[in-house]
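Have a look at upload_19.cif below; it lists mmCIF, C-alpha atoms and all ligand atoms.
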data_protein
loop_
_atom_site.label_atom_id
_atom_site.label_comp_id
_atom_site.auth_asym_id
_atom_site.auth_seq_id
_atom_site.Cartn_x
_atom_site.Cartn_y
_atom_site.Cartn_z
CA MET K 470 118.67 90.68 123.50
CA GLN K 471 118.18 90.76 119.74
CA PHE K 472 115.44 90.90 117.15
CA ALA K 473 114.80 90.46 113.45
CA SER K 474 111.86 90.68 111.07
CA LEU K 475 110.83 87.88 108.73
CA GLY K 476 108.82 90.45 106.80
CA SER K 477 106.32 93.24 107.36
CA GLY K 478 103.40 94.61 105.34
CA SER K 479 99.85 93.80 104.33
CA ARG K 480 100.97 90.47 102.77
CA GLY K 481 102.48 89.10 105.98
CA ASN K 482 104.11 90.06 109.26
CA SER K 483 106.39 88.20 111.64
CA THR K 484 109.03 89.35 114.14
CA LEU K 485 111.54 87.25 116.07
CA ILE K 486 112.89 88.27 119.49
CA GLU K 487 115.61 86.35 121.34
CA ALA K 488 116.96 86.65 124.86
CA ASP K 489 118.63 84.24 127.26
CA GLY K 490 118.19 81.26 124.94
CA SER K 491 114.48 81.83 124.29
CA ALA K 492 113.13 82.72 120.86
CA ILE K 493 109.67 84.25 120.55
CA LEU K 494 107.92 84.63 117.23
CA ILE K 495 105.42 87.49 117.20
CA ASP K 496 102.71 86.83 114.62
CA CYS K 497 103.15 84.67 111.56
CA GLY K 498 101.37 85.92 108.49
CA PHE K 499 103.31 83.72 106.09
CA SER K 500 102.60 80.15 104.99
CA MET K 501 104.46 77.34 106.73
CA ARG K 502 106.90 76.85 103.84
CA GLU K 503 107.50 80.58 103.46
CA THR K 504 108.09 80.98 107.20
CA GLU K 505 110.65 78.17 107.20
CA ARG K 506 112.41 79.81 104.24
CA ARG K 507 112.47 83.24 105.89
CA LEU K 508 113.76 81.77 109.17
CA GLN K 509 116.60 80.09 107.29
CA ARG K 510 117.56 83.50 105.94
CA LEU K 511 118.03 84.54 109.60
CA SER K 512 120.01 81.33 110.33
CA ARG K 513 117.19 79.87 112.41
CA GLU K 514 114.76 76.95 112.21
CA MET K 515 111.29 76.40 113.63
CA GLN K 516 112.65 73.82 116.11
CA GLN K 517 114.37 76.69 117.93
CA ILE K 518 111.17 78.71 118.48
CA THR K 519 110.01 78.75 122.12
CA ALA K 520 106.58 80.34 121.63
CA ILE K 521 104.37 82.12 119.10
CA LEU K 522 102.52 85.27 120.23
CA VAL K 523 99.59 86.52 118.18
CA THR K 524 98.53 90.18 118.24
CA HIS K 525 95.21 89.77 116.40
CA GLU K 526 93.35 87.59 113.93
CA HIS K 527 93.98 89.37 110.61
CA GLY K 528 95.42 87.06 107.96
CA ASP K 529 98.63 89.03 107.57
CA HIS K 530 99.39 88.09 111.22
CA VAL K 531 97.96 84.57 111.68
CA ARG K 532 98.17 82.82 108.32
CA GLY K 533 100.87 80.32 109.33
CA VAL K 534 100.32 80.15 113.10
CA ALA K 535 98.10 77.07 113.51
CA SER K 536 99.95 74.88 111.00
CA LEU K 537 103.37 75.78 112.42
CA ALA K 538 102.21 75.30 116.01
CA LYS K 539 100.85 71.84 115.18
CA LYS K 540 103.76 70.65 113.08
CA TYR K 541 106.43 71.77 115.55
CA ASP K 542 104.41 71.47 118.78
CA ILE K 543 104.98 75.12 119.76
CA PRO K 544 102.81 76.86 122.38
CA VAL K 545 100.74 79.82 121.14
CA TRP K 546 99.72 82.85 123.20
CA SER K 547 96.92 85.28 122.41
CA SER K 548 93.94 87.09 123.90
CA ARG K 549 90.71 85.08 124.09
CA GLY K 550 89.08 87.34 121.49
CA THR K 551 91.92 86.75 119.06
CA ALA K 552 91.87 83.00 119.73
CA LYS K 553 88.14 82.76 119.08
CA ALA K 554 88.37 84.76 115.85
CA ALA K 555 91.43 82.86 114.58
CA LYS K 556 90.34 79.43 115.92
CA LEU K 557 93.46 79.10 118.07
CA GLU K 558 91.58 77.79 121.13
CA GLU K 559 91.47 74.32 119.59
CA LEU K 560 95.26 74.10 119.51
CA GLU K 561 96.73 71.74 122.06
CA HIS K 562 99.04 74.35 123.57
CA TRP K 563 97.10 77.61 123.42
CA ASN K 564 97.65 80.02 126.33
CA CYS K 565 95.25 82.86 127.14
CA ILE K 566 96.70 86.35 127.58
CA ASP K 567 95.02 88.94 129.76
CA ILE K 568 95.85 91.98 127.65
CA HIS K 569 96.02 94.18 130.76
CA GLN K 570 98.50 91.96 132.58
CA VAL K 571 102.26 91.44 132.30
CA PHE K 572 103.25 87.80 131.76
CA GLU K 573 106.46 85.86 131.32
CA ILE K 574 107.81 83.31 128.88
CA ASP K 575 110.99 81.85 130.35
CA SER K 576 112.96 84.90 131.51
CA ILE K 577 111.33 87.36 129.09
CA GLN K 578 108.76 89.76 130.55
CA ILE K 579 105.97 90.66 128.16
CA GLN K 580 103.69 93.66 128.55
CA PRO K 581 100.61 93.48 126.31
CA VAL K 582 99.21 96.84 125.23
CA PRO K 583 95.56 97.03 124.06
CA VAL K 584 95.28 98.96 120.77
CA PRO K 585 92.44 100.54 118.76
CA HIS K 586 92.22 98.30 115.68
CA ASP K 587 89.33 96.68 113.86
CA ALA K 588 89.81 93.22 115.37
CA LYS K 589 88.14 91.35 118.26
CA GLU K 590 90.64 91.83 121.09
CA PRO K 591 93.89 93.14 119.60
CA CYS K 592 97.03 94.00 121.51
CA GLN K 593 100.66 94.78 120.80
CA PHE K 594 103.68 93.90 122.96
CA ILE K 595 106.70 95.25 124.82
CA PHE K 596 109.44 92.74 125.71
CA SER K 597 112.01 93.02 128.46
CA ASP K 598 114.81 90.78 129.68
CA GLY K 599 115.67 93.04 132.60
CA ASP K 600 118.39 94.87 130.64
CA TRP K 601 116.56 95.93 127.48
CA ARG K 602 113.08 96.84 126.31
CA ILE K 603 111.86 96.15 122.78
CA GLY K 604 108.49 97.59 121.72
CA ILE K 605 106.37 96.46 118.77
CA LEU K 606 103.46 98.67 117.70
CA THR K 607 101.61 98.07 114.43
CA ASP K 608 97.97 97.70 113.42
CA THR K 609 96.89 100.64 115.54
CA GLY K 610 94.49 103.30 114.25
CA SER K 611 95.16 105.94 116.87
CA ILE K 612 97.42 106.66 119.81
CA THR K 613 95.95 106.31 123.29
CA PRO K 614 97.47 107.89 126.42
CA TYR K 615 98.22 104.35 127.60
CA ILE K 616 100.22 103.64 124.44
CA GLU K 617 102.25 106.82 124.99
CA GLN K 618 102.94 105.80 128.57
CA GLN K 619 103.93 102.22 127.78
CA TYR K 620 106.20 102.75 124.78
CA SER K 621 108.36 105.39 126.46
CA ALA K 622 112.02 104.55 127.10
CA CYS K 623 112.32 101.55 124.78
CA ASP K 624 115.79 100.53 123.56
CA ALA K 625 114.34 99.34 120.26
CA PHE K 626 111.01 100.27 118.72
CA ILE K 627 109.36 98.55 115.77
CA LEU K 628 106.75 101.11 114.79
CA GLU K 629 104.08 101.17 112.14
CA ALA K 630 104.26 103.84 109.45
CA ASN K 631 101.54 102.38 107.26
CA HIS K 632 100.58 105.19 104.94
CA ASP K 633 101.11 108.75 103.88
CA GLU K 634 97.84 110.60 104.41
CA ASP K 635 97.88 112.29 100.99
CA MET K 636 98.84 109.13 99.11
CA LEU K 637 95.99 107.25 100.78
CA ALA K 638 93.50 110.06 100.06
CA ASN K 639 94.55 110.34 96.40
CA GLY K 640 95.25 106.65 95.83
CA SER K 641 93.32 103.86 94.15
CA TYR K 642 91.65 102.30 97.22
CA PRO K 643 87.83 102.38 97.24
CA SER K 644 86.55 104.99 99.69
CA SER K 645 85.35 102.38 102.22
CA LEU K 646 88.86 100.95 102.42
CA LYS K 647 90.40 104.44 102.64
CA HIS K 648 88.17 105.09 105.65
CA ARG K 649 89.06 101.76 107.23
CA VAL K 650 92.80 102.14 106.83
CA GLY K 651 92.88 105.84 107.76
CA GLY K 652 90.29 105.60 110.57
CA ASP K 653 90.80 105.46 114.32
CA PHE K 654 90.68 101.63 114.21
CA GLY K 655 92.88 101.23 111.14
CA HIS K 656 96.60 101.83 110.75
CA LEU K 657 99.07 104.52 111.83
CA ASN K 658 100.10 107.01 109.18
CA ASN K 659 103.57 108.56 108.98
CA GLY K 660 102.44 111.70 110.84
CA GLN K 661 100.93 109.70 113.70
CA ALA K 662 104.18 107.73 114.02
CA LYS K 663 106.12 110.99 114.17
CA ASP K 664 103.72 112.47 116.73
CA LEU K 665 104.09 109.41 118.96
CA LEU K 666 107.90 109.61 118.75
CA SER K 667 107.69 113.30 119.68
CA ALA K 668 105.50 112.55 122.69
CA ILE K 669 107.52 109.73 124.30
CA ASP K 670 111.00 109.31 125.75
CA ILE K 671 113.20 108.10 122.87
CA SER K 672 116.52 108.90 124.51
CA LYS K 673 117.46 105.21 124.83
CA LEU K 674 116.60 104.17 121.28
CA GLN K 675 119.34 102.13 119.62
CA TYR K 676 117.03 101.03 116.83
CA LEU K 677 113.89 102.46 115.31
CA VAL K 678 112.27 100.25 112.69
CA ALA K 679 109.59 101.57 110.33
CA SER K 680 107.21 98.71 109.64
CA HIS K 681 103.89 97.62 108.06
CA ILE K 682 104.62 100.12 105.28
CA SER K 683 101.96 100.04 102.55
CA ASP K 684 103.31 99.42 99.07
CA LYS K 685 100.41 101.37 97.54
CA ASN K 686 99.94 104.30 99.90
CA ASN K 687 103.45 105.03 101.16
CA THR K 688 107.13 104.99 100.29
CA VAL K 689 110.09 104.12 102.48
CA ALA K 690 111.49 107.63 101.89
CA LEU K 691 108.28 109.36 103.02
CA ALA K 692 108.01 107.18 106.14
CA ARG K 693 111.65 107.73 107.11
CA ASP K 694 111.56 111.48 106.42
CA LYS K 695 108.43 112.03 108.50
CA MET K 696 109.61 109.88 111.43
CA SER K 697 113.03 111.53 111.43
CA GLU K 698 111.38 114.90 112.13
CA ALA K 699 110.91 113.63 115.68
CA LEU K 700 114.56 112.52 116.00
CA ASP K 701 117.97 114.09 116.20
CA MET K 702 119.03 111.64 113.54
CA ASP K 703 119.22 111.51 109.78
CA ALA K 704 116.35 109.67 108.08
CA SER K 705 118.79 106.99 106.89
CA TRP K 706 119.40 105.97 110.54
CA ILE K 707 115.88 104.54 110.67
CA ASP K 708 115.69 100.84 109.83
CA VAL K 709 112.95 99.40 107.64
CA ALA K 710 111.23 96.02 107.99
CA SER K 711 110.21 95.39 104.40
CA GLN K 712 107.64 93.01 102.99
CA ASP K 713 110.05 90.86 101.01
CA GLU K 714 113.32 91.17 102.92
CA GLY K 715 112.20 91.80 106.49
CA LEU K 716 115.10 93.04 108.62
CA ASP K 717 118.31 91.22 109.54
CA TRP K 718 119.33 90.73 113.18
CA ARG K 719 119.70 93.83 115.33
CA VAL K 720 121.53 93.36 118.63
CA LEU K 721 121.09 95.59 121.69
CA ARG K 722 124.43 96.52 123.22
CA HIS K 723 125.84 98.54 126.08
CA ALA K 724 127.57 101.70 124.87
ZN ZN K 801 98.51 93.94 109.76
ZN ZN K 802 95.36 94.18 111.41
#
Once more with this new file: its structure as structure tokens, please.
Ligand SMILES: [Zn+2]
Ligand SMILES: [Zn+2]
Amino acid sequence: MQFASLGSGSRGNSTLIEADGSAILIDCGFSMRETERRLQRLSREMQQITAILVTHEHGDHVRGVASLAKKYDIPVWSSRGTAKAAKLEELEHWNCIDIHQVFEIDSIQIQPVPVPHDAKEPCQFIFSDGDWRIGILTDTGSITPYIEQQYSACDAFILEANHDEDMLANGSYPSSLKHRVGGDFGHLNNGQAKDLLSAIDISKLQYLVASHISDKNNTVALARDKMSEALDMDASWIDVASQDEGLDWRVLRHA
């Protein structure tokens, strides 16, 4: 099982997970052309994508979904609330996710996890091929007990570290936006990411990826330093999914 990021941040998010010949794209917040270009960088093309999963309707997650799905005839999966808000229901191959129910695409098991975020029916996902578990958790304002339970014992964890609390408080955002981003239905700050890592079983982690990092209210160094407080590892061990570069392939392996 392996994964890569096409890019992550407020200007576009997309993650690619592969196992047993299936390739699942999670969100696509880039234009069609930009997505094709970023896939090429990972030595892939849209024709190889098995399915697109959508976490919620915000533009940085859905921008390219409908056009890519139509052009390449790829099935799309999302909650009904997300589909209504992002007009995905009208796609020919839209599949409804019950966000409380495990489902499968080919041989990949997918556990949706409902999250507190200011969208209609948002969820995040944990993927398993029987050997490995990869968790993705971004666009979450606060940590629920259910999140703690579900994201324990992942082999790879792509985790939001959106902002540094002080940088957000002292930064240039208008106060309404500061409240939105920092609120319980906004985005995880570095400290919340660290607290989650401290609360769950991270003993299996081969990869931890800091993601959805704000370019105005955070720095890579601050995010890594804070998250590493919960680990027995140096901050430099933590991977970063950046806005422009994403993250190159990471492969899960037996020791
Ligand atoms: Zn987002
Ligand atoms: Zn969002």
Considering only C-alpha atoms, return as a PyMOL selection string whatever protein or nucleic-acid residues lie within 8 Å of His656 in chain K, sequence-local ones (same chain, fewer than 2 positions apart) excluded. chain K and resi 586+607-611+629+631-632+650-654+658
What does the distance from CA of Ala699 in chain K to CA of Gly660 in chain K come to in Å, to one decimal?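 CA of Gly660 in chain K lies 9.9 Å from CA of Ala699 in chain K.
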If you measure from CA of Asp684 in chain K to CA of Leu716 in chain K, what distance in Å do you get, rounded to one decimal?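 A separation of 16.5 Å between them.
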Quick one: residues within 10 Å of ligand ZN 801 (chain K), with all atoms listed in the file, as a list in words?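 The residues within 10 Å of ligand ZN 801 (chain K), counting all atoms listed in the file, are Ser477, Gly478, Ser479, Arg480, Gly481, Asn482, Ser483, Asp496, Gly498, Thr524, His525, Glu526, His527, Gly528, Asp529, His530, Val531, His586, Thr607, Asp608, Thr609, Glu629, Asn631, Gly655, His656, Ser680, His681 and Ile682 of chain K.
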Include C-alpha atoms and write out the residues we just selected as an mmCIF file, in the frame of the given file.
data_model
loop_
_atom_site.group_PDB
_atom_site.id
_atom_site.type_symbol
_atom_site.label_atom_id
_atom_site.label_comp_id
_atom_site.auth_asym_id
_atom_site.auth_seq_id
_atom_site.Cartn_x
_atom_site.Cartn_y
_atom_site.Cartn_z
ATOM 1 C CA SER K 477 106.320 93.240 107.360
ATOM 2 C CA GLY K 478 103.400 94.610 105.340
ATOM 3 C CA SER K 479 99.850 93.800 104.330
ATOM 4 C CA ARG K 480 100.970 90.470 102.770
ATOM 5 C CA GLY K 481 102.480 89.100 105.980
ATOM 6 C CA ASN K 482 104.110 90.060 109.260
ATOM 7 C CA SER K 483 106.390 88.200 111.640
ATOM 8 C CA ASP K 496 102.710 86.830 114.620
ATOM 9 C CA GLY K 498 101.370 85.920 108.490
ATOM 10 C CA THR K 524 98.530 90.180 118.240
ATOM 11 C CA HIS K 525 95.210 89.770 116.400
ATOM 12 C CA GLU K 526 93.350 87.590 113.930
ATOM 13 C CA HIS K 527 93.980 89.370 110.610
ATOM 14 C CA GLY K 528 95.420 87.060 107.960
ATOM 15 C CA ASP K 529 98.630 89.030 107.570
ATOM 16 C CA HIS K 530 99.390 88.090 111.220
ATOM 17 C CA VAL K 531 97.960 84.570 111.680
ATOM 18 C CA HIS K 586 92.220 98.300 115.680
ATOM 19 C CA THR K 607 101.610 98.070 114.430
ATOM 20 C CA ASP K 608 97.970 97.700 113.420
ATOM 21 C CA THR K 609 96.890 100.640 115.540
ATOM 22 C CA GLU K 629 104.080 101.170 112.140
ATOM 23 C CA ASN K 631 101.540 102.380 107.260
ATOM 24 C CA GLY K 655 92.880 101.230 111.140
ATOM 25 C CA HIS K 656 96.600 101.830 110.750
ATOM 26 C CA SER K 680 107.210 98.710 109.640
ATOM 27 C CA HIS K 681 103.890 97.620 108.060
ATOM 28 C CA ILE K 682 104.620 100.120 105.280
#
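Closest to Lys553 in chain K among K:Ile577, K:Ile493, K:Ile669, K:Ala588 is K:Ala588, based on all atoms listed in the file.
Restricting the calculation to all atoms listed in the file, the smallest distance between ligand ZN 802 (chain K) and any of K:Glu714, K:Asp670, K:Asp600, K:Asp587 is found for K:Asp587.
Distances here use all atoms listed in the file; by that measure, the residue among K:Val582, K:Ala662, K:Ile605, K:Ala473 closest to Leu508 in chain K is K:Ala473.
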